[in-house]
Amino acid sequence: MNPAAYIPTVSSLPGGERRAGRVMVDGLSCSQGKVVDMNATSLRLTRATRWRPGEIRRVSLPVLAGRMMPLVGICRWSKKIGFFRYLCEVEFLDLTDDHKEALRYIALTNAKREWIGVARRPGP
């Protein structure tokens with residue numbers, strides 16, 4: 001079975017918007033900053049400089065063995081969250097089905113693995 005099948009796929013929302021389920025990621029950086037969370041069509045990242053809403057830039061994400069997947073993204077919003085820290089929502093443009101599958105795979109392999117609401121890890 002394809003492991004990417006466990007990541008939520010794109011579904012319709014009220015108002016005609018289409019969004020995919022988000023996956024929190026850990027230790028993933030791209031050419032534009034540090035990735036906070038992502039899905040099959042967009043990502044949120046932190047960076048040192050502001051990326052203005054509506055501005056289009058190239059975004060390269062690591063796939064396997066140091067290879068990078070080049071994409072084009074548009075900033076949907078940007079918010080200052082600290083001194084020289086901005087949080088940006090980036091939506092990818094002109095994605096193929098192969099790109100979406102690769103983005104799901106990247107999200108799955110970099111998913112944050114943490115225990116929520118558990119004082120300690122269960123063990124033997």
# chains A, B, ... in the order shown; residues from 1 in each chain; ligands from 1
>>> residues_around(residues="Asp37 in chain A", least_positions_apart="2", cutoff="10 Å", atoms="only C-alpha atoms", output="number ranges by chain")
A: 22-26, 28, 34-35, 39, 42-45, 89, 107, 110-112
>>> residues_around(residues="Thr49 in chain A", least_positions_apart="2", cutoff="12 Å", atoms="only C-alpha atoms", output="PyMOL selection string")
chain A and resi 32-33+45-47+51-52+78-88
>>> atom_distance(atom1="CA of Leu61 in chain A", atom2="CA of Ser31 in chain A")
6.9 Å
>>> closest_residue(among="A:Thr41, A:Thr109, A:Arg67, A:Gly54", to="Asp94 in chain A", atoms="only C-alpha atoms")
A:Thr41
>>> closest_residue(among="A:Cys30, A:Ala48, A:Val36, A:Leu103", to="Gly66 in chain A", atoms="only C-alpha atoms")
A:Cys30
